[in-house]
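Asker: Can you read through this structure? Questions will come right after.
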Amino acid sequence: MLIAAAFVVSGAAIAADDFEGKTARIIIPYGPGGTYDNFSQAFAKHLGKHILGKANVIVQHMPGAVGVKAINWAYKVMQKDGLNMLTPLDNTILNQLLRPEKMRFDARNFTWLGSSNQTNMVLVVASSTGVNTWQDLRKRKSVGASAGTGSFDFIIQRLTSGLFKFKLKTVTGYKGSSATSHAVQQGEADLNSNNWLTYASRRPHWFTGDKHFTRAVLQVGVFKDPALPKSVPLISELLTDALDKKVVDFIGVAGLLGRGLVRPPKVAGKMVKTMRAAYTAMNGDPVFEV
């Protein structure tokens with residue numbers, strides 16, 4: 001597994017003077033708004049107090065190429081001083097495998113600190129379309145909104161369309177999950193696909209009341225998200241072809257990456273232990289919330 005489960009290190013292994021009076025930086029692969037920004041801002045707010053020396057932690061947005069600009073930069077250019085981190089894309093591994101010519105990194109070589117969120121990708125359709133279940137998407141032409149061909153929302157829309165013969169046209173070029181959701185809100189698109197946390201944290205009203213504005217019709221993950229209605233099926237549950245199921249199961253693992261932090265390759269081992277210990281403490285802190 002590429003996720004490194006954060007583990008506790010004894011205080012003796014952590015040198016306060018490595019961080020005292022210094023500023024750590026978290027690179028965000030998208031612009032402001034959305035769950036990458038939300039989680040990164042929360043990391044910056046809470047992580048520093050769990051590092052001996054109380055380093056100041058700031059964030060920097062580096063949007064471009066659907067998040068790929070930042071992850072390529074982190075791998076090749078980011079300083080390896082232990083003070084620089086990246087909130088990686090949840091589809092980092094998929095991008096490396098599906099678009100190797102664009103990805104200038106090997107995900108196995110990043111220093112993975114941990115994850116603070118594991119949730120599924122969800123296909124969400126506006127109720128005004130008359131779609132109530134995933135089968136209904138076979139009966140009508142639909143338009144989906146996507147950030148771009150390298151984004152997870154594009155992968156999920158094309159995957160489900162191919163597997164289940166949806167009459168779906170995916171329009172790319174939207175600047176992140178907030179923009180694709182706005183397109184659905186404004187009627188520019190019939191559906192989009194995001195991490196469930198995106199909807200739960202920013203558009204919860206879409207799924208409440210007597211007349212829901214949207215419906216979740218499919219989810220992709222290792223297990224069903226307990227926050228979703230039990231009636232929303234996992235794609236893997238609907239498949240009979242063994243190869244299709246293996247592909248979907250592999251893609252679903254991306255949900256386990258969620259939102260977390262990585263460092264570039266070859267950061268000093270002591271620095272890695274220090275930050276993993278701090279990350280563990282932050283995740284367990286009752287005041288840490290996004």
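Labeling convention for the structure tokens: chains A, B, ... as they appear, residues from 1 per chain, ligands from 1 in order of appearance.
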Go through segment 22-150 of chain A and collect every residue that DSSP, computed from the backbone, puts in strand (DSSP E or B); the answer should be as a PyMOL selection string.

Answerer: chain A and resi 23-28+56-61+84-86+111-115+121-126+141-145

Asker: Take the selection from the previous step and output its residues with N, CA and C atoms, as a PDB file, in the first residue's frame.

Answerer:
ATOM      1  N   THR A  23       9.258  27.876   9.295  1.00  0.00           N
ATOM      2  CA  THR A  23       7.955  27.845   8.639  1.00  0.00           C
ATOM      3  C   THR A  23       7.875  26.646   7.714  1.00  0.00           C
ATOM      4  N   ALA A  24       6.890  25.804   7.942  1.00  0.00           N
ATOM      5  CA  ALA A  24       6.612  24.672   7.052  1.00  0.00           C
ATOM      6  C   ALA A  24       5.547  25.097   6.046  1.00  0.00           C
ATOM      7  N   ARG A  25       5.563  24.454   4.884  1.00  0.00           N
ATOM      8  CA  ARG A  25       4.659  24.858   3.805  1.00  0.00           C
ATOM      9  C   ARG A  25       3.938  23.646   3.226  1.00  0.00           C
ATOM     10  N   ILE A  26       2.640  23.825   2.985  1.00  0.00           N
ATOM     11  CA  ILE A  26       1.827  22.798   2.343  1.00  0.00           C
ATOM     12  C   ILE A  26       1.386  23.321   0.974  1.00  0.00           C
ATOM     13  N   ILE A  27       1.727  22.585  -0.084  1.00  0.00           N
ATOM     14  CA  ILE A  27       1.313  22.943  -1.440  1.00  0.00           C
ATOM     15  C   ILE A  27      -0.039  22.293  -1.734  1.00  0.00           C
ATOM     16  N   ILE A  28      -0.961  23.101  -2.238  1.00  0.00           N
ATOM     17  CA  ILE A  28      -2.299  22.628  -2.591  1.00  0.00           C
ATOM     18  C   ILE A  28      -2.400  22.575  -4.113  1.00  0.00           C
ATOM     19  N   ASN A  56       5.586  27.164  12.398  1.00  0.00           N
ATOM     20  CA  ASN A  56       4.471  27.816  11.734  1.00  0.00           C
ATOM     21  C   ASN A  56       4.203  27.078  10.423  1.00  0.00           C
ATOM     22  N   VAL A  57       2.946  26.790  10.106  1.00  0.00           N
ATOM     23  CA  VAL A  57       2.612  26.052   8.887  1.00  0.00           C
ATOM     24  C   VAL A  57       1.718  26.924   8.010  1.00  0.00           C
ATOM     25  N   ILE A  58       2.123  27.125   6.780  1.00  0.00           N
ATOM     26  CA  ILE A  58       1.356  27.943   5.841  1.00  0.00           C
ATOM     27  C   ILE A  58       0.979  27.101   4.624  1.00  0.00           C
ATOM     28  N   VAL A  59       0.073  27.621   3.805  1.00  0.00           N
ATOM     29  CA  VAL A  59      -0.330  26.926   2.581  1.00  0.00           C
ATOM     30  C   VAL A  59      -0.010  27.781   1.366  1.00  0.00           C
ATOM     31  N   GLN A  60       0.166  27.114   0.236  1.00  0.00           N
ATOM     32  CA  GLN A  60       0.382  27.791  -1.043  1.00  0.00           C
ATOM     33  C   GLN A  60      -0.371  27.046  -2.119  1.00  0.00           C
ATOM     34  N   HIS A  61      -1.222  27.732  -2.870  1.00  0.00           N
ATOM     35  CA  HIS A  61      -1.967  27.115  -3.955  1.00  0.00           C
ATOM     36  C   HIS A  61      -1.096  27.054  -5.206  1.00  0.00           C
ATOM     37  N   ASN A  84       8.646  21.079   3.698  1.00  0.00           N
ATOM     38  CA  ASN A  84       7.756  21.251   2.556  1.00  0.00           C
ATOM     39  C   ASN A  84       6.955  19.982   2.307  1.00  0.00           C
ATOM     40  N   MET A  85       5.652  20.163   2.104  1.00  0.00           N
ATOM     41  CA  MET A  85       4.728  19.039   1.929  1.00  0.00           C
ATOM     42  C   MET A  85       3.730  19.350   0.824  1.00  0.00           C
ATOM     43  N   LEU A  86       3.046  18.310   0.393  1.00  0.00           N
ATOM     44  CA  LEU A  86       2.023  18.423  -0.651  1.00  0.00           C
ATOM     45  C   LEU A  86       0.781  17.660  -0.212  1.00  0.00           C
ATOM     46  N   THR A 111       7.248  10.357   0.074  1.00  0.00           N
ATOM     47  CA  THR A 111       7.213   9.994   1.492  1.00  0.00           C
ATOM     48  C   THR A 111       5.800  10.268   1.998  1.00  0.00           C
ATOM     49  N   TRP A 112       5.009   9.214   2.144  1.00  0.00           N
ATOM     50  CA  TRP A 112       3.597   9.352   2.510  1.00  0.00           C
ATOM     51  C   TRP A 112       3.482   9.453   4.030  1.00  0.00           C
ATOM     52  N   LEU A 113       2.865  10.534   4.506  1.00  0.00           N
ATOM     53  CA  LEU A 113       2.736  10.764   5.945  1.00  0.00           C
ATOM     54  C   LEU A 113       1.462  10.168   6.519  1.00  0.00           C
ATOM     55  N   GLY A 114       0.396  10.110   5.745  1.00  0.00           N
ATOM     56  CA  GLY A 114      -0.861   9.564   6.241  1.00  0.00           C
ATOM     57  C   GLY A 114      -2.056  10.197   5.555  1.00  0.00           C
ATOM     58  N   SER A 115      -3.225   9.802   5.967  1.00  0.00           N
ATOM     59  CA  SER A 115      -4.478  10.298   5.394  1.00  0.00           C
ATOM     60  C   SER A 115      -5.444  10.640   6.515  1.00  0.00           C
ATOM     61  N   MET A 121     -15.916   8.055  -4.281  1.00  0.00           N
ATOM     62  CA  MET A 121     -16.381   8.917  -5.365  1.00  0.00           C
ATOM     63  C   MET A 121     -17.830   8.560  -5.653  1.00  0.00           C
ATOM     64  N   VAL A 122     -18.624   9.586  -5.950  1.00  0.00           N
ATOM     65  CA  VAL A 122     -20.059   9.393  -6.126  1.00  0.00           C
ATOM     66  C   VAL A 122     -20.505  10.065  -7.415  1.00  0.00           C
ATOM     67  N   LEU A 123     -21.370   9.385  -8.156  1.00  0.00           N
ATOM     68  CA  LEU A 123     -21.984   9.967  -9.346  1.00  0.00           C
ATOM     69  C   LEU A 123     -23.318  10.563  -8.921  1.00  0.00           C
ATOM     70  N   VAL A 124     -23.450  11.882  -9.113  1.00  0.00           N
ATOM     71  CA  VAL A 124     -24.615  12.623  -8.636  1.00  0.00           C
ATOM     72  C   VAL A 124     -25.337  13.249  -9.821  1.00  0.00           C
ATOM     73  N   VAL A 125     -26.657  13.089  -9.867  1.00  0.00           N
ATOM     74  CA  VAL A 125     -27.468  13.544 -10.999  1.00  0.00           C
ATOM     75  C   VAL A 125     -28.563  14.494 -10.510  1.00  0.00           C
ATOM     76  N   ALA A 126     -28.791  15.564 -11.239  1.00  0.00           N
ATOM     77  CA  ALA A 126     -29.843  16.517 -10.898  1.00  0.00           C
ATOM     78  C   ALA A 126     -31.215  15.842 -10.978  1.00  0.00           C
ATOM     79  N   LYS A 141     -30.068  11.100 -22.908  1.00  0.00           N
ATOM     80  CA  LYS A 141     -28.779  11.732 -23.120  1.00  0.00           C
ATOM     81  C   LYS A 141     -28.506  12.683 -21.953  1.00  0.00           C
ATOM     82  N   SER A 142     -27.293  12.626 -21.442  1.00  0.00           N
ATOM     83  CA  SER A 142     -26.931  13.449 -20.293  1.00  0.00           C
ATOM     84  C   SER A 142     -25.596  14.136 -20.540  1.00  0.00           C
ATOM     85  N   VAL A 143     -25.392  15.256 -19.845  1.00  0.00           N
ATOM     86  CA  VAL A 143     -24.141  16.006 -19.921  1.00  0.00           C
ATOM     87  C   VAL A 143     -23.509  16.028 -18.536  1.00  0.00           C
ATOM     88  N   GLY A 144     -22.241  15.632 -18.468  1.00  0.00           N
ATOM     89  CA  GLY A 144     -21.506  15.649 -17.217  1.00  0.00           C
ATOM     90  C   GLY A 144     -20.463  16.749 -17.219  1.00  0.00           C
ATOM     91  N   ALA A 145     -20.205  17.343 -16.049  1.00  0.00           N
ATOM     92  CA  ALA A 145     -19.189  18.386 -15.902  1.00  0.00           C
ATOM     93  C   ALA A 145     -17.944  17.786 -15.263  1.00  0.00           C
TER      94      ALA A 145
END

Asker: Pick out each residue of segment 83-247 of chain A that DSSP on the backbone tags as alpha helix (DSSP H); I need them as a ChimeraX atom specification.

Answerer: /A:92-98,152-164,177-186,196-202,242-247

Asker: So what do you get for atom CA of Tyr174 of chain A versus atom CA of Pro29 of chain A, distance-wise?

Answerer: 14.7 Å

Asker: So that I can see what lies close to segment 210-227 of chain A, please list as a list of chain:residue names the residues with an atom at most 7 Å from it, counting only C-alpha atoms and leaving out residues fewer than 2 positions away in the same chain.

Answerer: A:Thr119, A:Asn120, A:Met121, A:Val122, A:Leu123, A:Val124, A:Val125, A:Ala126, A:Ser127, A:Asn132, A:Thr133, A:Trp134, A:Trp206, A:Phe207, A:Thr208, A:Pro229, A:Val232, A:Pro233, A:Leu234, A:Ile235, A:Asp249, A:Gly252, A:Val253, A:Gly255

Asker: Please produce an output containing C-alpha atoms for each residue in the selection, written as a CSV table (one decimal), in the first residue's frame.

Answerer:
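Generated file (result_38.csv):
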chain,number,residue,atom,x,y,z
A,119,THR,CA,-14.5,8.3,1.3
A,120,ASN,CA,-15.9,7.2,-2.0
A,121,MET,CA,-16.4,8.9,-5.4
A,122,VAL,CA,-20.1,9.4,-6.1
A,123,LEU,CA,-22.0,10.0,-9.3
A,124,VAL,CA,-24.6,12.6,-8.6
A,125,VAL,CA,-27.5,13.5,-11.0
A,126,ALA,CA,-29.8,16.5,-10.9
A,127,SER,CA,-33.4,15.5,-10.0
A,132,ASN,CA,-33.8,8.2,-10.0
A,133,THR,CA,-31.4,5.3,-10.5
A,134,TRP,CA,-28.3,4.5,-12.4
A,206,TRP,CA,-28.8,19.0,-2.4
A,207,PHE,CA,-29.7,15.9,-0.6
A,208,THR,CA,-32.2,17.1,2.0
A,229,PRO,CA,-28.1,5.7,1.6
A,232,VAL,CA,-26.7,3.6,-3.6
A,233,PRO,CA,-24.7,0.7,-5.0
A,234,LEU,CA,-21.0,0.2,-5.4
A,235,ILE,CA,-20.1,-0.3,-9.0
A,249,ASP,CA,-11.7,-2.6,-7.4
A,252,GLY,CA,-11.8,2.2,-5.8
A,253,VAL,CA,-8.6,2.0,-3.7
A,255,GLY,CA,-10.7,6.5,-2.0

Asker: Taking only C-alpha atoms into account, which of A:Ile156, A:Ile251, A:Ala74, A:Ala278 comes nearest Leu94 of chain A?

Answerer: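 Closest residue, counting only C-alpha atoms: A:Ile251.
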
Asker: Find the residue from A:Thr280, A:Ser146, A:Ser116, A:Ser151 that sits nearest to Ile93 of chain A; use only C-alpha atoms when measuring.

Answerer: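 Closest candidate: A:Ser151.
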
Asker: Taking 4 positions as the minimum chain separation for residues in the same chain, which residues sit within 10 Å of Gly187 of chain A when counting only C-alpha atoms? Answer as a list in words.

Answerer: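 The neighbour list is Ala126, Ser128, Thr129, Val143, Ser181, His182, Ala183 and Leu191 of chain A.
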
Asker: Could you dump the residues just selected with C-alpha atoms as a PDB file, in the first residue's frame?

Answerer:
ATOM      1  CA  ALA A 126     -29.843  16.517 -10.898  1.00  0.00           C
ATOM      2  CA  SER A 128     -34.774  17.716 -12.711  1.00  0.00           C
ATOM      3  CA  THR A 129     -33.511  15.144 -15.238  1.00  0.00           C
ATOM      4  CA  VAL A 143     -24.141  16.006 -19.921  1.00  0.00           C
ATOM      5  CA  SER A 181     -21.050  21.477  -8.861  1.00  0.00           C
ATOM      6  CA  HIS A 182     -21.914  25.051  -9.819  1.00  0.00           C
ATOM      7  CA  ALA A 183     -22.510  23.845 -13.382  1.00  0.00           C
ATOM      8  CA  LEU A 191     -24.404  15.442 -13.367  1.00  0.00           C
TER       9      LEU A 191
END

Asker: Taking into account only C-alpha atoms, which residue in the set A:Tyr75, A:Phe164, A:Tyr36, A:Phe110 is nearest to Leu239 of chain A?

Answerer: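 Result for the nearest residue to Leu239 of chain A: A:Phe164.
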